[in-house]
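Scroll down for the structure; my scribbles are underneath it.
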Amino acid sequence: MTTPATPRAHQQAPDAGLLGSYESPIPIRPATLGDAVASEWTKIRSVRATIWTLGVMVALMLTIGLGTALLLAVDGNSGLSGEPVLALGFFGVLLGSICVITLGVLTIGSEYSTGMIRTTLTACPSRGRVLAAKAIVFSSLAFAVTTVTATVVAGLQNLILDGAAASADDWLRGTVGIGLYIAALGLLSLGIGAIVRHSAGAITIMIGVVLLPLVLALFMFADSLRGVQRFLIEYSIPNQIGALYGTTMTESGPSGWEPLLLMLVLAAAVLGGAVAILNRRDV
């Protein structure tokens, strides 16, 4: 009878050495704001919502602006009576602003709806940097598209109609000023989207911010509410856009560059609140 062989414990060969930790050949460096901006630019130019919303805005501004000018030209420039024609761009900009509001909300709201925000904050844990990068990319794009389109519309309207010559300040406010105001309005939408974290809810809130003051003012018939009614009309967003074009619904209220300053302050306050809220709550 033979004795079965005793199993020997597995022993590591002495010459195998200890397993070393993996080191990536890719150089690692701290992420910067430039990296976050590059990431956000890749996102915003690769989604269809950007092309659709900005494309519709450009189409609205061109169609309404040039259509109004052509109708007035056929009617013998009735109603202008020597006034600058730059104010005719107001209608297209007002409707186009809805597209910028939608894109501003979707810039961050779509990440919450798809769960992409978790990947974004894992790659860049600084939430303030993420929001700053989104604001830089989105506002630059909205400003460029709005300013170029408003300039084209204003130039074509002046070629079609015989209005009074506008001053350099009127041209600056009707092109660059409008571009900055719409970009700031989009930043306000971005801040609301970051706070609400729901695209449909944030868009509804922003449309209410744009339209509700005027709607409420229409139903204030009591004499005791005249002051509130005048305030709502003067500081409503449509009236402020009209002020940049030099035409308002009231003789008082913000004028010149004041509407742009008010919108920039409001957008900065909302974005600051959004950063504070993002830093305090979980994803």
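A note on labels: chains of the structure tokens are A, B, ... as shown, every chain counts residues from 1, and ligands are counted from 1 in their shown order.
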Can you write out as a Markdown table which residues of range 132-174 of chain A fall within 9 Å of range 246-269 of chain A, alongside each residue's closest atom pair and its distance in Å to one decimal, counting only C-alpha atoms and ordering rows by chain and ascending residue number?
```
| residue | atom | partner | partner_atom | distance |
| --- | --- | --- | --- | --- |
| A:Asp170 | CA | A:Gly246 | CA | 7.5 |
| A:Arg173 | CA | A:Trp257 | CA | 7.3 |
| A:Gly174 | CA | A:Gly246 | CA | 8.6 |
```
Which residues, written as a PDB file with N, CA, C and O atoms, in the first residue's frame, have at least one atom at most 12 Å from Ala132 in chain A, with only C-alpha atoms counted and residues fewer than 4 positions away on the same chain left out?
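Output contents, as saved in selection_17.pdb:
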```pdb
ATOM      1  N   THR A  32      -8.207  72.543 -15.673  1.00  0.00           N
ATOM      2  CA  THR A  32      -8.322  73.994 -15.591  1.00  0.00           C
ATOM      3  C   THR A  32      -9.668  74.445 -16.150  1.00  0.00           C
ATOM      4  O   THR A  32     -10.432  73.643 -16.707  1.00  0.00           O
ATOM      5  N   LEU A  33      -9.931  75.742 -16.042  1.00  0.00           N
ATOM      6  CA  LEU A  33     -11.153  76.281 -16.615  1.00  0.00           C
ATOM      7  C   LEU A  33     -11.160  76.126 -18.135  1.00  0.00           C
ATOM      8  O   LEU A  33     -12.206  75.899 -18.740  1.00  0.00           O
ATOM      9  N   GLY A  34      -9.962  76.215 -18.741  1.00  0.00           N
ATOM     10  CA  GLY A  34      -9.881  76.013 -20.187  1.00  0.00           C
ATOM     11  C   GLY A  34     -10.313  74.618 -20.599  1.00  0.00           C
ATOM     12  O   GLY A  34     -10.970  74.439 -21.629  1.00  0.00           O
ATOM     13  N   ASP A  35      -9.941  73.605 -19.789  1.00  0.00           N
ATOM     14  CA  ASP A  35     -10.390  72.243 -20.088  1.00  0.00           C
ATOM     15  C   ASP A  35     -11.910  72.132 -19.981  1.00  0.00           C
ATOM     16  O   ASP A  35     -12.549  71.475 -20.810  1.00  0.00           O
ATOM     17  N   ALA A  36     -12.486  72.772 -18.951  1.00  0.00           N
ATOM     18  CA  ALA A  36     -13.946  72.726 -18.793  1.00  0.00           C
ATOM     19  C   ALA A  36     -14.641  73.438 -19.953  1.00  0.00           C
ATOM     20  O   ALA A  36     -15.673  72.967 -20.450  1.00  0.00           O
ATOM     21  N   VAL A  37     -14.071  74.562 -20.401  1.00  0.00           N
ATOM     22  CA  VAL A  37     -14.660  75.281 -21.538  1.00  0.00           C
ATOM     23  C   VAL A  37     -14.600  74.431 -22.807  1.00  0.00           C
ATOM     24  O   VAL A  37     -15.572  74.361 -23.572  1.00  0.00           O
ATOM     25  N   GLU A  40     -17.296  71.801 -22.538  1.00  0.00           N
ATOM     26  CA  GLU A  40     -18.647  72.326 -22.761  1.00  0.00           C
ATOM     27  C   GLU A  40     -18.864  72.714 -24.219  1.00  0.00           C
ATOM     28  O   GLU A  40     -19.973  72.579 -24.748  1.00  0.00           O
ATOM     29  N   ILE A 108     -28.001  73.037 -19.286  1.00  0.00           N
ATOM     30  CA  ILE A 108     -27.728  72.277 -18.057  1.00  0.00           C
ATOM     31  C   ILE A 108     -28.872  71.329 -17.716  1.00  0.00           C
ATOM     32  O   ILE A 108     -28.661  70.267 -17.140  1.00  0.00           O
ATOM     33  N   CYS A 124     -14.994  66.921 -13.383  1.00  0.00           N
ATOM     34  CA  CYS A 124     -14.648  68.260 -12.875  1.00  0.00           C
ATOM     35  C   CYS A 124     -15.440  68.504 -11.590  1.00  0.00           C
ATOM     36  O   CYS A 124     -16.566  69.008 -11.642  1.00  0.00           O
ATOM     37  N   SER A 126     -15.335  70.637  -9.290  1.00  0.00           N
ATOM     38  CA  SER A 126     -15.648  72.023  -8.940  1.00  0.00           C
ATOM     39  C   SER A 126     -16.921  72.455  -9.672  1.00  0.00           C
ATOM     40  O   SER A 126     -16.905  72.683 -10.880  1.00  0.00           O
ATOM     41  N   ARG A 127     -18.001  72.595  -8.932  1.00  0.00           N
ATOM     42  CA  ARG A 127     -19.289  72.907  -9.564  1.00  0.00           C
ATOM     43  C   ARG A 127     -19.340  74.346 -10.065  1.00  0.00           C
ATOM     44  O   ARG A 127     -19.992  74.640 -11.053  1.00  0.00           O
ATOM     45  N   GLY A 128     -18.656  75.221  -9.350  1.00  0.00           N
ATOM     46  CA  GLY A 128     -18.576  76.592  -9.835  1.00  0.00           C
ATOM     47  C   GLY A 128     -17.857  76.685 -11.169  1.00  0.00           C
ATOM     48  O   GLY A 128     -18.245  77.454 -12.045  1.00  0.00           O
ATOM     49  N   ILE A 136     -19.778  80.665 -20.058  1.00  0.00           N
ATOM     50  CA  ILE A 136     -18.880  81.276 -21.048  1.00  0.00           C
ATOM     51  C   ILE A 136     -19.206  80.783 -22.450  1.00  0.00           C
ATOM     52  O   ILE A 136     -19.345  81.569 -23.397  1.00  0.00           O
ATOM     53  N   VAL A 137     -19.334  79.477 -22.598  1.00  0.00           N
ATOM     54  CA  VAL A 137     -19.577  78.909 -23.930  1.00  0.00           C
ATOM     55  C   VAL A 137     -20.946  79.328 -24.458  1.00  0.00           C
ATOM     56  O   VAL A 137     -21.082  79.800 -25.597  1.00  0.00           O
ATOM     57  N   PHE A 138     -21.982  79.183 -23.630  1.00  0.00           N
ATOM     58  CA  PHE A 138     -23.334  79.482 -24.093  1.00  0.00           C
ATOM     59  C   PHE A 138     -23.517  80.970 -24.402  1.00  0.00           C
ATOM     60  O   PHE A 138     -24.072  81.341 -25.439  1.00  0.00           O
ATOM     61  N   SER A 139     -23.061  81.841 -23.497  1.00  0.00           N
ATOM     62  CA  SER A 139     -23.262  83.283 -23.719  1.00  0.00           C
ATOM     63  C   SER A 139     -22.481  83.767 -24.928  1.00  0.00           C
ATOM     64  O   SER A 139     -22.961  84.633 -25.672  1.00  0.00           O
ATOM     65  N   LEU A 187     -28.302  83.650 -19.988  1.00  0.00           N
ATOM     66  CA  LEU A 187     -27.608  83.292 -18.748  1.00  0.00           C
ATOM     67  C   LEU A 187     -28.575  83.212 -17.576  1.00  0.00           C
ATOM     68  O   LEU A 187     -28.437  82.368 -16.694  1.00  0.00           O
ATOM     69  N   LEU A 190     -30.086  79.930 -17.886  1.00  0.00           N
ATOM     70  CA  LEU A 190     -29.138  78.904 -17.436  1.00  0.00           C
ATOM     71  C   LEU A 190     -29.127  78.798 -15.913  1.00  0.00           C
ATOM     72  O   LEU A 190     -29.113  77.688 -15.351  1.00  0.00           O
ATOM     73  N   GLY A 191     -29.137  79.931 -15.243  1.00  0.00           N
ATOM     74  CA  GLY A 191     -29.165  79.919 -13.782  1.00  0.00           C
ATOM     75  C   GLY A 191     -30.441  79.313 -13.236  1.00  0.00           C
ATOM     76  O   GLY A 191     -30.407  78.521 -12.283  1.00  0.00           O
ATOM     77  N   ALA A 194     -30.247  75.601 -13.626  1.00  0.00           N
ATOM     78  CA  ALA A 194     -29.381  74.956 -12.630  1.00  0.00           C
ATOM     79  C   ALA A 194     -30.066  74.860 -11.278  1.00  0.00           C
ATOM     80  O   ALA A 194     -29.836  73.908 -10.529  1.00  0.00           O
ATOM     81  N   ALA A 268     -26.312  87.852 -13.123  1.00  0.00           N
ATOM     82  CA  ALA A 268     -25.194  87.563 -12.214  1.00  0.00           C
ATOM     83  C   ALA A 268     -25.711  87.115 -10.847  1.00  0.00           C
ATOM     84  O   ALA A 268     -25.157  86.190 -10.238  1.00  0.00           O
ATOM     85  N   LEU A 271     -27.089  83.491 -11.220  1.00  0.00           N
ATOM     86  CA  LEU A 271     -25.999  82.524 -11.380  1.00  0.00           C
ATOM     87  C   LEU A 271     -25.230  82.338 -10.071  1.00  0.00           C
ATOM     88  O   LEU A 271     -24.811  81.223  -9.745  1.00  0.00           O
ATOM     89  N   GLY A 272     -25.041  83.426  -9.314  1.00  0.00           N
ATOM     90  CA  GLY A 272     -24.395  83.293  -8.007  1.00  0.00           C
ATOM     91  C   GLY A 272     -25.203  82.420  -7.070  1.00  0.00           C
ATOM     92  O   GLY A 272     -24.656  81.580  -6.349  1.00  0.00           O
ATOM     93  N   ALA A 274     -27.254  80.108  -8.036  1.00  0.00           N
ATOM     94  CA  ALA A 274     -27.186  78.734  -8.566  1.00  0.00           C
ATOM     95  C   ALA A 274     -25.911  78.033  -8.105  1.00  0.00           C
ATOM     96  O   ALA A 274     -25.937  76.855  -7.738  1.00  0.00           O
ATOM     97  N   VAL A 275     -24.776  78.753  -8.114  1.00  0.00           N
ATOM     98  CA  VAL A 275     -23.510  78.155  -7.652  1.00  0.00           C
ATOM     99  C   VAL A 275     -23.609  77.781  -6.175  1.00  0.00           C
ATOM    100  O   VAL A 275     -23.175  76.696  -5.753  1.00  0.00           O
TER     101      VAL A 275
END
```
Selected residue, from A:Thr146, A:Thr50, A:Ser113, A:Ser224, that lies nearest to Ser97 in chain A when counting only C-alpha atoms: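 Closest residue, counting only C-alpha atoms: A:Thr146.
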If we count only C-alpha atoms, what is near range 58-66 of chain A at a cut-off of 9 Å, once residues fewer than 3 positions away on the same chain are taken out, given as an MDAnalysis selection string? chainID A and resid 53:55 69:71 88:96 145:146 149:150 152:154 156:157 160
Find the residues around range 166-169 of chain A up to 12 Å (only C-alpha atoms counted), leave out those fewer than 4 positions away in its own chain, and share them as a count of residues only. 20
Rank A:Val196, A:Ile203, A:Leu278, A:Leu180 by their smallest atom-to-atom distance to Ile241 in chain A, using only C-alpha atoms, and report the top residue only. A:Leu180
Using only C-alpha atoms, which of the listed residues (A:Tyr181, A:Ile101, A:Val283, A:Gly273) sits closest to Arg118 in chain A?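 Smallest distance to Arg118 in chain A is found for A:Val283.
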What does the structure give for the distance between CA of Thr107 in chain A and CA of Thr122 in chain A, in Å to one decimal? 17.8 Å
Atomic distance CA of Tyr112 in chain A - CA of Arg197 in chain A, expressed in Å with one decimal: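 Taking CA of Tyr112 in chain A as the start and CA of Arg197 in chain A as the end point, the length is 6.3 Å.
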Looking at only C-alpha atoms, which of A:Met220, A:Val130, A:Val228, A:Val56 is the one that sits closest to Glu111 in chain A? A:Val130
